[in-house]
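For reference, the structure is listed below as structure tokens.
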Amino acid sequence: MSNKKYNIYVVHHSHTDIGYTDLQEKILYNQANYIKSVIKD
């Protein structure tokens, strides 16, 4: 087995119509939580 270490970079990319889908504060909160839930151990 190899002991190589790798770096994985996760880049969040989406299109959100802020103000159309919800308030800016709510969108920011939701997007941050989506990212946290994906990278959570």
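In the structure tokens, the first chain shown is A, the next is B, and so on; residue numbers restart at 1 for each chain, and ligands run from 1 in the order shown.
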
A:Val10: which residues within 12 Å, counting only C-alpha atoms, same-chain residues fewer than 3 positions away excluded, as an mmCIF file with C-alpha atoms, in the first residue's frame?
```cif
data_model
loop_
_atom_site.group_PDB
_atom_site.id
_atom_site.type_symbol
_atom_site.label_atom_id
_atom_site.label_comp_id
_atom_site.auth_asym_id
_atom_site.auth_seq_id
_atom_site.Cartn_x
_atom_site.Cartn_y
_atom_site.Cartn_z
ATOM 1 C CA ASN A 7 -4.871 17.243 -1.167
ATOM 2 C CA HIS A 13 -20.301 26.530 -7.271
ATOM 3 C CA ILE A 35 -21.065 23.060 2.619
ATOM 4 C CA LYS A 36 -20.529 22.145 6.288
ATOM 5 C CA VAL A 38 -20.893 17.830 2.937
ATOM 6 C CA ILE A 39 -17.426 18.093 4.465
#
```

Practice problem: Report as a list in words: the residues of chain A with a DSSP assignment of helix (DSSP H, G or I), based on the backbone of this structure. | Solution: Gln24, Glu25, Lys26, Ile27, Leu28, Tyr29, Asn30, Gln31, Ala32, Asn33, Tyr34, Ile35, Lys36, Ser37, Val38 and Ile39 of chain A

Please produce a file of those selected residues containing N, CA and C atoms, as a CSV table (one decimal), in the first residue's frame.
```csv
chain,number,residue,atom,x,y,z
A,24,GLN,N,-31.2,37.5,1.5
A,24,GLN,CA,-29.7,37.3,1.4
A,24,GLN,C,-29.2,36.6,2.6
A,25,GLU,N,-29.6,37.0,3.8
A,25,GLU,CA,-29.1,36.4,5.0
A,25,GLU,C,-29.5,34.9,5.1
A,26,LYS,N,-30.7,34.6,4.6
A,26,LYS,CA,-31.1,33.2,4.7
A,26,LYS,C,-30.4,32.3,3.7
A,27,ILE,N,-30.1,32.9,2.5
A,27,ILE,CA,-29.3,32.2,1.5
A,27,ILE,C,-27.9,31.9,2.0
A,28,LEU,N,-27.3,32.9,2.6
A,28,LEU,CA,-25.9,32.8,3.1
A,28,LEU,C,-25.9,31.7,4.2
A,29,TYR,N,-26.9,31.7,5.1
A,29,TYR,CA,-26.9,30.7,6.1
A,29,TYR,C,-27.1,29.3,5.5
A,30,ASN,N,-28.0,29.1,4.6
A,30,ASN,CA,-28.3,27.8,4.0
A,30,ASN,C,-27.1,27.3,3.2
A,31,GLN,N,-26.4,28.2,2.4
A,31,GLN,CA,-25.3,27.7,1.6
A,31,GLN,C,-24.1,27.3,2.5
A,32,ALA,N,-23.9,28.1,3.6
A,32,ALA,CA,-22.8,27.7,4.5
A,32,ALA,C,-23.1,26.3,5.2
A,33,ASN,N,-24.4,26.1,5.5
A,33,ASN,CA,-24.7,24.8,6.2
A,33,ASN,C,-24.6,23.7,5.2
A,34,TYR,N,-25.0,23.9,3.9
A,34,TYR,CA,-24.8,22.8,2.9
A,34,TYR,C,-23.4,22.4,2.8
A,35,ILE,N,-22.5,23.4,2.7
A,35,ILE,CA,-21.1,23.1,2.6
A,35,ILE,C,-20.6,22.3,3.9
A,36,LYS,N,-20.9,22.8,5.0
A,36,LYS,CA,-20.5,22.1,6.3
A,36,LYS,C,-21.0,20.7,6.4
A,37,SER,N,-22.2,20.5,5.9
A,37,SER,CA,-22.8,19.1,6.0
A,37,SER,C,-22.1,18.2,5.0
A,38,VAL,N,-21.6,18.7,3.9
A,38,VAL,CA,-20.9,17.8,2.9
A,38,VAL,C,-19.5,17.4,3.4
A,39,ILE,N,-18.8,18.4,4.1
A,39,ILE,CA,-17.4,18.1,4.5
A,39,ILE,C,-17.3,17.6,5.9
```
